[in-house]
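With mmCIF, C-alpha atoms inside, this is input-v3.cif:
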```cif
data_entry
loop_
_atom_site.label_atom_id
_atom_site.label_comp_id
_atom_site.auth_asym_id
_atom_site.auth_seq_id
_atom_site.Cartn_x
_atom_site.Cartn_y
_atom_site.Cartn_z
CA MET A 1 -12.99 -291.84 119.33
CA ASP A 2 -16.51 -292.51 120.57
CA GLU A 3 -17.94 -289.59 122.56
CA ARG A 4 -18.83 -291.79 125.50
CA ASP A 5 -15.24 -293.11 125.71
CA LEU A 6 -13.97 -289.58 125.46
CA ILE A 7 -16.14 -288.46 128.38
CA THR A 8 -15.02 -291.44 130.47
CA ARG A 9 -11.39 -290.60 129.81
CA VAL A 10 -11.87 -286.92 130.63
CA ARG A 11 -13.55 -287.89 133.89
CA ALA A 12 -10.50 -290.04 134.68
CA GLY A 13 -8.28 -286.98 134.27
CA ASP A 14 -6.82 -287.82 130.87
CA GLY A 15 -5.35 -284.58 129.48
CA THR A 16 -5.26 -285.85 125.89
CA ALA A 17 -8.98 -286.60 126.05
CA GLU A 18 -9.66 -283.11 127.44
CA ARG A 19 -7.89 -281.64 124.46
CA ALA A 20 -9.80 -283.90 122.05
CA LEU A 21 -13.11 -282.84 123.58
CA TYR A 22 -12.06 -279.21 123.35
CA ASP A 23 -11.02 -279.58 119.70
CA ALA A 24 -14.32 -281.23 118.81
CA HIS A 25 -16.49 -278.45 120.21
CA VAL A 26 -14.48 -275.25 120.49
CA ASP A 27 -15.40 -273.82 117.08
CA ARG A 28 -19.15 -273.80 117.69
CA VAL A 29 -18.78 -272.60 121.28
CA TYR A 30 -16.51 -269.76 120.22
CA ARG A 31 -18.77 -268.82 117.28
CA LEU A 32 -21.82 -268.64 119.51
CA ALA A 33 -19.92 -266.67 122.16
CA TYR A 34 -18.63 -264.27 119.52
CA ARG A 35 -22.02 -263.78 117.87
CA LEU A 36 -23.58 -262.96 121.22
CA ALA A 37 -20.73 -260.89 122.62
CA GLY A 38 -19.61 -259.13 119.43
CA ASP A 39 -16.13 -258.79 120.88
CA ASP A 40 -13.16 -261.11 120.49
CA ALA A 41 -11.70 -260.68 123.97
CA LEU A 42 -15.08 -261.34 125.59
CA ALA A 43 -15.74 -264.29 123.29
CA GLN A 44 -12.38 -265.82 124.23
CA ASP A 45 -13.04 -265.31 127.95
CA PHE A 46 -16.51 -266.85 127.67
CA THR A 47 -15.21 -269.82 125.67
CA GLN A 48 -12.46 -270.49 128.20
CA GLU A 49 -14.90 -270.24 131.09
CA THR A 50 -17.29 -272.60 129.30
CA PHE A 51 -14.68 -275.33 128.94
CA ILE A 52 -13.29 -274.90 132.45
CA ARG A 53 -16.80 -275.30 133.87
CA ALA A 54 -17.53 -278.20 131.54
CA PHE A 55 -14.42 -280.11 132.65
CA GLU A 56 -15.23 -279.46 136.28
CA LYS A 57 -18.88 -280.42 135.96
CA LEU A 58 -18.55 -283.33 133.54
CA ASP A 59 -19.38 -285.75 136.36
CA THR A 60 -22.86 -284.21 136.44
CA PHE A 61 -23.47 -284.81 132.73
CA ARG A 62 -26.02 -287.59 132.61
CA GLY A 63 -26.16 -288.04 128.86
CA ASP A 64 -29.85 -287.12 128.56
CA SER A 65 -28.91 -284.77 125.73
CA ALA A 66 -25.97 -284.61 123.34
CA LEU A 67 -22.74 -283.36 124.87
CA SER A 68 -22.80 -280.46 122.41
CA THR A 69 -26.25 -279.39 123.68
CA TRP A 70 -25.02 -279.58 127.26
CA LEU A 71 -21.95 -277.49 126.33
CA HIS A 72 -24.10 -274.90 124.57
CA ALA A 73 -26.26 -274.62 127.68
CA ILE A 74 -23.12 -273.77 129.66
CA THR A 75 -22.02 -271.38 126.91
CA THR A 76 -25.28 -269.40 126.88
CA SER A 77 -25.31 -269.26 130.68
CA VAL A 78 -21.71 -268.01 130.81
CA VAL A 79 -22.25 -265.51 127.98
CA LEU A 80 -25.55 -264.08 129.23
CA ASN A 81 -24.25 -263.71 132.79
CA GLY A 82 -21.04 -262.19 131.49
CA LEU A 83 -22.85 -259.77 129.23
CA ARG A 84 -25.03 -258.60 132.11
CA LYS A 85 -21.83 -257.52 133.82
CA VAL A 86 -20.72 -255.45 130.84
CA LYS A 87 -24.22 -254.16 130.09
CA ARG A 88 -23.56 -250.85 131.75
CA PHE A 89 -20.64 -250.21 129.41
CA ARG A 90 -22.69 -251.29 126.40
CA GLN A 91 -25.55 -249.07 127.47
CA ARG A 92 -23.19 -246.14 127.67
CA GLU A 93 -21.99 -246.84 124.12
CA ALA A 94 -25.58 -247.08 122.88
CA ASP A 95 -26.48 -243.82 124.59
CA LEU A 96 -23.57 -242.11 122.90
CA GLU A 97 -24.59 -243.47 119.50
CA ALA A 98 -28.18 -242.36 120.09
CA ALA A 99 -26.91 -238.89 120.98
CA ASP A 100 -25.08 -238.87 117.66
CA GLY A 101 -28.37 -239.68 115.93
CA VAL A 102 -27.27 -243.01 114.44
CA SER A 103 -30.01 -245.17 115.94
CA GLY A 104 -33.42 -244.60 114.38
CA GLY A 105 -34.40 -241.70 112.14
CA PRO A 106 -35.15 -241.63 108.45
CA ARG A 107 -33.19 -243.66 105.94
CA ALA A 108 -31.46 -240.61 104.57
CA ALA A 109 -29.83 -240.06 107.96
CA GLU A 110 -28.41 -243.60 108.01
CA PRO A 111 -27.77 -245.10 104.63
CA ASP A 112 -25.92 -248.17 105.87
CA LEU A 113 -28.38 -251.02 106.25
CA LYS A 114 -25.81 -253.26 107.90
CA VAL A 115 -25.20 -250.75 110.66
CA ARG A 116 -28.92 -250.26 111.22
CA LEU A 117 -29.51 -254.00 111.30
CA ARG A 118 -26.72 -254.52 113.83
CA GLN A 119 -28.12 -251.77 116.03
CA ALA A 120 -31.62 -253.19 115.76
CA ILE A 121 -30.43 -256.67 116.79
CA ASP A 122 -28.36 -255.21 119.64
CA ALA A 123 -31.44 -253.33 120.84
CA LEU A 124 -33.57 -256.49 121.13
CA PRO A 125 -34.38 -257.68 124.66
CA PRO A 126 -31.68 -260.20 125.69
CA GLY A 127 -33.99 -263.23 125.48
CA TYR A 128 -35.21 -262.35 121.99
CA ARG A 129 -31.70 -261.55 120.78
CA THR A 130 -30.28 -264.84 122.08
CA VAL A 131 -32.97 -266.91 120.37
CA PHE A 132 -32.67 -264.89 117.14
CA VAL A 133 -28.87 -265.26 117.04
CA MET A 134 -28.98 -268.96 117.85
CA HIS A 135 -31.76 -269.81 115.38
CA ASP A 136 -31.53 -267.43 112.46
CA ILE A 137 -27.78 -266.84 112.45
CA GLU A 138 -26.14 -269.92 113.98
CA GLY A 139 -28.73 -272.45 112.82
CA PHE A 140 -29.69 -274.05 116.15
CA THR A 141 -33.04 -275.82 116.23
CA HIS A 142 -35.78 -274.72 118.63
CA GLU A 143 -35.28 -277.98 120.53
CA GLU A 144 -31.56 -277.24 121.02
CA ILE A 145 -32.33 -273.67 122.03
CA GLY A 146 -34.96 -274.90 124.48
CA VAL A 147 -32.44 -277.19 126.21
CA ALA A 148 -29.66 -274.61 126.15
CA LEU A 149 -31.80 -271.84 127.64
CA GLY A 150 -33.93 -274.06 129.85
CA VAL A 151 -37.19 -273.01 128.18
CA GLU A 152 -39.96 -274.81 126.32
CA THR A 153 -39.64 -275.19 122.56
CA GLY A 154 -42.79 -273.12 122.17
CA THR A 155 -41.22 -270.29 124.15
CA SER A 156 -38.24 -270.31 121.81
CA LYS A 157 -40.53 -270.12 118.78
CA ALA A 158 -42.58 -267.31 120.30
CA GLN A 159 -39.46 -265.31 121.17
CA LEU A 160 -38.10 -265.72 117.66
CA SER A 161 -41.38 -264.53 116.20
CA ARG A 162 -41.38 -261.45 118.45
CA ALA A 163 -37.72 -260.76 117.67
CA ARG A 164 -38.42 -260.81 113.93
CA ALA A 165 -41.46 -258.56 114.38
CA LYS A 166 -39.41 -256.04 116.33
CA LEU A 167 -36.65 -256.09 113.73
CA ARG A 168 -39.15 -255.57 110.94
CA GLU A 169 -40.52 -252.58 112.79
CA SER A 170 -37.03 -251.16 113.39
CA LEU A 171 -36.08 -251.62 109.73
CA ALA A 172 -39.32 -250.34 108.24
CA ASP A 173 -37.37 -247.67 106.33
CA PHE A 174 -35.71 -250.46 104.37
CA ALA A 175 -38.94 -252.25 103.38
CA GLY A 176 -37.98 -251.99 99.72
CA GLU A 177 -35.09 -254.36 100.39
CA TRP A 178 -37.35 -257.36 100.94
CA VAL A 179 -40.64 -256.28 99.28
CA SER A 180 -39.86 -256.68 95.62
CA MET B 1 -47.05 -266.68 96.00
CA MET B 2 -44.64 -265.97 98.87
CA HIS B 3 -46.12 -264.24 101.92
CA ASP B 4 -44.65 -260.90 102.91
CA ASP B 5 -43.53 -262.28 106.32
CA ASP B 6 -41.69 -265.13 104.65
CA LYS B 7 -39.94 -262.72 102.30
CA PHE B 8 -38.86 -260.60 105.24
CA ASN B 9 -37.68 -263.64 107.24
CA ASP B 10 -35.62 -264.94 104.32
CA TRP B 11 -34.13 -261.52 103.71
CA LEU B 12 -33.41 -261.09 107.43
CA GLN B 13 -31.64 -264.42 107.77
CA GLU B 14 -29.41 -263.58 104.83
CA ALA B 15 -28.71 -260.01 105.96
CA ALA B 16 -28.05 -261.03 109.59
CA LYS B 17 -25.16 -263.32 108.60
CA ASP B 18 -22.94 -260.26 108.89
CA TYR B 19 -23.98 -259.66 112.49
CA ASN B 20 -20.89 -260.01 114.72
CA PRO B 21 -19.05 -262.24 112.22
CA PRO B 22 -16.58 -264.38 114.19
CA ARG B 23 -12.93 -264.49 113.27
CA PRO B 24 -11.12 -267.87 113.03
CA THR B 25 -11.11 -269.64 116.38
CA PRO B 26 -7.91 -268.86 118.34
CA ARG B 27 -7.66 -272.47 119.51
CA GLU B 28 -4.12 -272.58 120.84
CA GLU B 29 -4.30 -269.28 122.70
CA MET B 30 -7.48 -270.26 124.49
CA TRP B 31 -6.28 -273.79 125.23
CA ALA B 32 -3.07 -272.48 126.75
CA ARG B 33 -5.08 -270.33 129.17
CA ILE B 34 -7.55 -273.12 129.96
CA ALA B 35 -4.67 -275.50 130.68
CA ALA B 36 -2.96 -272.90 132.86
CA ARG B 37 -6.08 -272.24 134.93
CA ARG B 38 -6.84 -275.93 135.32
CA SER B 39 -3.27 -276.64 136.28
CA ASN B 40 -3.40 -273.97 138.99
CA ARG B 41 -6.64 -275.40 140.33
CA ARG B 42 -5.14 -278.90 140.45
CA VAL B 43 -2.25 -277.64 142.53
CA ILE B 44 -4.65 -275.87 144.89
CA GLU B 45 -6.78 -279.00 145.12
CA LEU B 46 -3.68 -281.03 145.94
CA ARG B 47 -2.63 -278.87 148.84
CA PRO B 48 -4.88 -280.48 151.47
CA TRP B 49 -3.45 -283.85 150.43
CA ILE B 50 0.04 -282.56 150.91
CA ARG B 51 -0.95 -281.40 154.38
CA TRP B 52 -2.40 -284.81 155.12
CA GLY B 53 0.73 -286.43 153.74
CA LEU B 54 2.95 -284.32 155.96
CA ALA B 55 0.76 -285.06 158.97
CA ALA B 56 0.94 -288.79 158.20
CA ALA B 57 4.72 -288.59 157.83
CA ALA B 58 5.02 -286.76 161.17
CA LEU B 59 2.86 -289.42 162.81
CA LEU B 60 5.03 -292.13 161.32
CA VAL B 61 8.21 -290.56 162.66
CA LEU B 62 6.60 -290.22 166.08
CA GLY B 63 5.54 -293.86 165.93
CA ILE B 64 9.03 -295.00 165.07
CA GLY B 65 10.44 -292.95 167.93
CA ILE B 66 8.00 -294.43 170.43
CA GLY B 67 8.65 -297.88 169.03
CA ARG B 68 12.40 -297.57 169.43
CA TRP B 69 12.00 -296.17 172.91
CA THR B 70 9.71 -298.97 174.05
CA ALA B 71 12.01 -301.57 172.46
CA HIS B 72 14.62 -300.84 175.13
CA ASP B 73 14.46 -303.05 178.22
CA GLU B 74 14.76 -301.81 181.74
CA SER B 75 18.51 -302.28 181.72
CA GLY B 76 18.69 -299.84 178.89
CA VAL B 77 20.04 -302.43 176.48
CA SER B 78 18.41 -302.36 173.14
CA HIS B 79 17.19 -305.59 171.60
CA ALA B 80 17.76 -303.90 168.30
CA THR B 81 14.52 -305.39 167.04
CA PRO B 82 12.73 -303.16 164.62
CA VAL B 83 9.16 -302.62 165.71
CA ALA B 84 8.25 -300.71 162.61
CA SER B 85 9.80 -301.06 159.22
CA VAL B 86 9.68 -298.09 156.99
CA ASP B 87 10.56 -298.12 153.34
CA THR B 88 12.27 -294.75 153.51
CA ALA B 89 13.90 -295.10 150.09
CA GLY B 90 10.52 -295.88 148.56
CA ASN B 91 8.90 -292.91 150.28
CA ARG B 92 11.67 -290.65 149.11
CA ASP B 93 11.24 -291.83 145.52
CA VAL B 94 7.50 -291.14 145.66
CA LEU B 95 8.10 -287.65 147.02
CA TYR B 96 10.55 -286.86 144.24
CA GLN B 97 8.12 -288.34 141.71
CA VAL B 98 5.32 -286.09 142.98
CA ALA B 99 7.59 -283.05 142.99
CA ALA B 100 8.90 -283.80 139.50
CA THR B 101 5.43 -284.33 138.06
CA GLN B 102 4.11 -281.10 139.55
CA TYR B 103 7.13 -279.27 138.26
CA LEU B 104 6.78 -280.75 134.74
CA SER B 105 3.06 -279.82 134.63
CA ARG B 106 3.80 -276.25 135.68
CA THR B 107 6.64 -275.95 133.18
CA GLU B 108 4.52 -277.37 130.36
CA THR B 109 1.76 -274.86 131.11
CA PHE B 110 4.26 -272.03 131.33
CA LEU B 111 6.04 -272.84 128.05
CA THR B 112 2.75 -273.40 126.18
CA GLY B 113 1.48 -270.03 127.41
CA PHE B 114 4.80 -268.38 126.60
CA ARG B 115 4.73 -269.65 123.01
CA ALA B 116 1.07 -268.72 122.50
CA ASP B 117 1.58 -265.20 123.83
CA LEU B 118 4.75 -264.84 121.80
CA ARG B 119 2.81 -265.66 118.62
CA ALA B 120 0.17 -263.14 119.60
CA GLY B 121 2.90 -260.56 120.29
CA ARG B 122 1.95 -260.39 123.96
CA ALA B 123 4.95 -261.96 125.72
CA ASP B 124 5.97 -259.60 128.50
CA THR B 125 8.33 -259.37 131.44
CA ARG B 126 6.08 -261.39 133.79
CA PHE B 127 7.44 -264.42 131.98
CA THR B 128 10.96 -263.72 133.16
CA GLY B 129 9.94 -263.91 136.84
CA GLN B 130 8.10 -267.17 136.34
CA ALA B 131 11.00 -268.57 134.33
CA ARG B 132 13.39 -267.71 137.20
CA ASP B 133 11.19 -269.54 139.72
CA LEU B 134 11.00 -272.61 137.51
CA LEU B 135 14.72 -272.43 136.84
CA THR B 136 15.43 -272.67 140.58
CA THR B 137 13.24 -275.76 140.83
CA THR B 138 14.90 -277.23 137.74
CA ARG B 139 18.34 -276.93 139.33
CA LEU B 140 17.12 -278.42 142.59
CA LEU B 141 15.67 -281.37 140.71
CA LEU B 142 18.89 -281.79 138.71
CA ASP B 143 20.72 -282.23 142.01
CA SER B 144 18.10 -284.65 143.35
CA PRO B 145 17.50 -288.38 142.81
CA ALA B 146 14.78 -287.37 140.32
CA ALA B 147 17.61 -286.80 137.85
CA ASP B 148 18.96 -290.34 138.28
CA ASP B 149 16.85 -291.36 135.31
CA PRO B 150 18.96 -290.48 132.23
CA ARG B 151 15.92 -289.38 130.18
CA MET B 152 14.70 -287.13 132.97
CA ARG B 153 18.18 -285.64 133.33
CA VAL B 154 18.35 -284.80 129.60
CA LEU B 155 14.88 -283.23 129.75
CA LEU B 156 15.77 -281.21 132.85
CA GLU B 157 18.96 -279.98 131.20
CA ASP B 158 17.00 -278.89 128.09
CA LEU B 159 14.48 -277.11 130.29
CA GLU B 160 17.24 -275.46 132.29
CA LEU B 161 18.64 -273.95 129.09
CA VAL B 162 15.25 -272.73 127.81
CA LEU B 163 14.21 -271.29 131.17
CA ALA B 164 17.57 -269.59 131.60
CA GLN B 165 17.14 -267.93 128.18
CA ILE B 166 13.60 -266.76 128.98
CA SER B 167 14.63 -265.47 132.42
CA GLN B 168 17.20 -263.21 130.74
CA LEU B 169 14.77 -261.57 128.31
CA THR B 170 14.56 -257.82 128.72
CA PRO B 171 11.61 -255.51 127.90
CA GLY B 172 13.37 -253.91 124.90
CA ARG B 173 14.63 -257.21 123.59
CA ASP B 174 15.56 -258.03 120.03
CA PRO B 175 12.83 -260.26 118.48
CA HIS B 176 15.73 -262.42 117.31
CA ASP B 177 16.28 -263.48 120.95
CA THR B 178 12.81 -264.96 121.26
CA ASP B 179 13.14 -266.60 117.84
CA LEU B 180 16.30 -268.32 119.04
CA ILE B 181 14.48 -269.61 122.12
CA THR B 182 11.56 -271.04 120.16
CA GLN B 183 13.88 -272.48 117.51
CA GLY B 184 15.89 -274.18 120.24
CA MET B 185 12.71 -275.57 121.79
CA ASP B 186 11.61 -276.94 118.42
CA GLN B 187 14.99 -278.42 117.53
CA ARG B 188 15.22 -280.29 120.82
CA SER B 189 11.48 -281.17 120.79
CA VAL B 190 11.27 -279.80 124.31
CA LEU B 191 7.47 -279.52 124.52
CA PRO B 192 6.68 -282.97 123.04
CA LYS B 193 9.26 -284.57 125.37
CA LEU B 194 7.88 -282.63 128.30
CA ARG B 195 4.29 -283.67 127.55
CA SER B 196 5.21 -287.32 127.15
CA ALA B 197 7.03 -287.22 130.50
CA ILE B 198 3.89 -286.09 132.34
CA PRO B 199 1.79 -289.06 133.37
CA ALA B 200 -1.89 -288.93 132.40
CA GLY B 201 -4.30 -288.26 135.22
CA PRO B 202 -3.82 -286.56 138.55
CA VAL B 203 -0.38 -286.09 140.07
CA PRO B 204 0.74 -289.40 141.59
CA LEU B 205 0.42 -289.56 145.32
CA ARG B 206 0.87 -292.75 147.30
CA THR B 207 0.84 -293.48 150.96
CA GLN B 208 2.90 -295.99 152.82
CA GLY B 209 1.89 -299.51 151.94
CA ALA B 210 -0.14 -298.57 148.90
CA SER B 211 0.59 -300.77 145.93
#
```
As structure tokens, the full file:
Amino acid sequence: MDERDLITRVRAGDGTAERALYDAHVDRVYRLAYRLAGDDALAQDFTQETFIRAFEKLDTFRGDSALSTWLHAITTSVVLNGLRKVKRFRQREADLEAADGVSGGPRAAEPDLKVRLRQAIDALPPGYRTVFVMHDIEGFTHEEIGVALGVETGTSKAQLSRARAKLRESLADFAGEWVS
Amino acid sequence: MMHDDDKFNDWLQEAAKDYNPPRPTPREEMWARIAARRSNRRVIELRPWIRWGLAAAALLVLGIGIGRWTAHDESGVSHATPVASVDTAGNRDVLYQVAATQYLSRTETFLTGFRADLRAGRADTRFTGQARDLLTTTRLLLDSPAADDPRMRVLLEDLELVLAQISQLTPGRDPHDTDLITQGMDQRSVLPKLRSAIPAGPVPLRTQGAS
């Protein structure tokens, strides 16, 4: 079914069309939510909230961008707002890990590169982390990221560059992994 | 020769693939909850219309009363001329149609959620209370003109059986009990029949004289 027809039918209250729209986009929305949230329950909540808002606001979709881009803008907004609410809990977890000496320190103290990389990405400022996850992990273009986050394409590129620089700094102990 | 930054970026992209790796999308579970929340909102959104409908009906009754009263002459003899004609049978049918559609939507949402949570091993006793409420409505509808349609009657009878089974589930139940319920639903195609009985779009609501 053509996307425009689908949108028209959803606007008319057609439940089958709502389900078709959901099926067409849910995988990418859920993946993005999961990558950013790192938690299945949160990712499910964010995905549900994204679609509920999308169905309610579909009348405001003007078609200037692809529907998927519009949906991803809602997704990032829902996820980032949601994560702000749980930030305190996350911060507490990070503090506990730091107290255990697992974040930072020489390589000998933390042999698992995957764990260190995850911690380094988690520690990025939210804007840098979002752009890094969307571009380097989920394969969004800078144009798509710009629309989704409401920023210029150049801003997205700059944030990605800074995110990579910070990660390189955090993972300096592992330089041998990529310098060969 | 590859620049050091490029080497790092390539390595980083590869290594970061393991960052928060998503599990397969739980489509049905999430859809069941989305449908439930949207269904609740639709009912809430409909409430002002119901109030308006009731107000309009009250006004109509008042109008008929005044009309009948003014149709009497001074001698108190009625001309027996109707001054307002009301299609009461038609109105009644519309009311039952609205009630039946709302009920079917709620039941569909409930059974979809019940099945999804059952698969996820999360079905709990809150389902029994909801099933009891829906069961009461089912029996009322079975005794109403909504059940005059043979297909609707068969569907309501199937739903009555399923809801009665769910309402009797106990916390320490045998998993076999829930298997029997879902098997019964599948054998009688309860959910597909239920979904096809729900008209697409918002719940029908007509006012007097609307075509």
> What is the atom CA of Ile34 of chain B-atom CA of Asp186 of chain B distance in Å, reported with one decimal?
Replying inline: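 Calculated distance between atom CA of Ile34 of chain B and atom CA of Asp186 of chain B is 22.7 Å.
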Select residues of chain A: the criterion is any atom within 6 Å of an atom of chain B, counting only C-alpha atoms; output as a compact mmCIF listing (two decimals) with C-alpha atoms, keeping the file's coordinate frame.
```
# COMPACT_ATOMS: atom_id res chain seq x y z
CA GLY A 13 -8.28 -286.98 134.27
CA ASP A 14 -6.82 -287.82 130.87
CA ARG A 31 -18.77 -268.82 117.28
CA TYR A 34 -18.63 -264.27 119.52
CA ARG A 35 -22.02 -263.78 117.87
CA GLY A 38 -19.61 -259.13 119.43
CA GLN A 48 -12.46 -270.49 128.20
CA ARG A 118 -26.72 -254.52 113.83
CA ASP A 136 -31.53 -267.43 112.46
CA ILE A 137 -27.78 -266.84 112.45
CA TRP A 178 -37.35 -257.36 100.94
```
> Which residue, A:Ala41, A:Leu124, A:Ala172, A:Leu32, has the smallest gap to Leu71 of chain A when you use all atoms listed in the file?
Replying inline: A:Leu32
>> Can you measure atom CA of Trp70 of chain A to atom CA of Ala54 of chain A for me? One decimal in Å is fine.
In response: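 Distance between the two atoms: 8.7 Å.
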> Hey, can you check how far atom CA of Ile181 of chain B sits from atom CA of Gln165 of chain B?
Replying inline: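 Atom-to-atom, atom CA of Ile181 of chain B to atom CA of Gln165 of chain B, that is 6.8 Å.
When the PyMOL selection byres ((chain B and resi 157) around 12) is evaluated on the file shown here, the picked residues come out as Leu135, Thr137, Thr138, Arg139, Leu140, Leu141, Leu142, Asp143, Ala147, Pro150, Arg151, Met152, Arg153, Val154, Leu155, Leu156, Asp158, Leu159, Glu160, Leu161, Val162, Leu163, Ala164, Arg188, Val190 and Leu194 of chain B.
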>> I want to know what sits within 9 Å of Thr107 of chain B, based on all atoms listed in the file, with residues of the same chain fewer than 3 positions away left out; could you give that as a PyMOL selection string?
In response: chain B and resi 102-104+110-112+131+134+159+194
> Using only C-alpha atoms, which residues sit within 9 Å of Thr50 of chain A once same-chain residues fewer than 4 positions away are excluded, as an MDAnalysis selection string?
Replying inline: chainID A and resid 29 45:46 54:55 71:72 74:79
>> When the PyMOL selection byres ((chain B and resi 146) around 7) is applied to the structure above, which residues does it catch, written out as a VMD selection string?
In response: chain B and resid 96 to 97 100 141 144 to 145 147 to 149
>> Starting from the PyMOL selection byres ((chain A and resi 11) around 12), expand the selection into actual residues of this file and give them as JSON, numbers by chain.
In response: {"A": [4, 5, 6, 7, 8, 9, 10, 12, 13, 14, 15, 16, 17, 18, 21, 54, 55, 56, 57, 58, 59, 60, 61], "B": [200, 201, 202]}
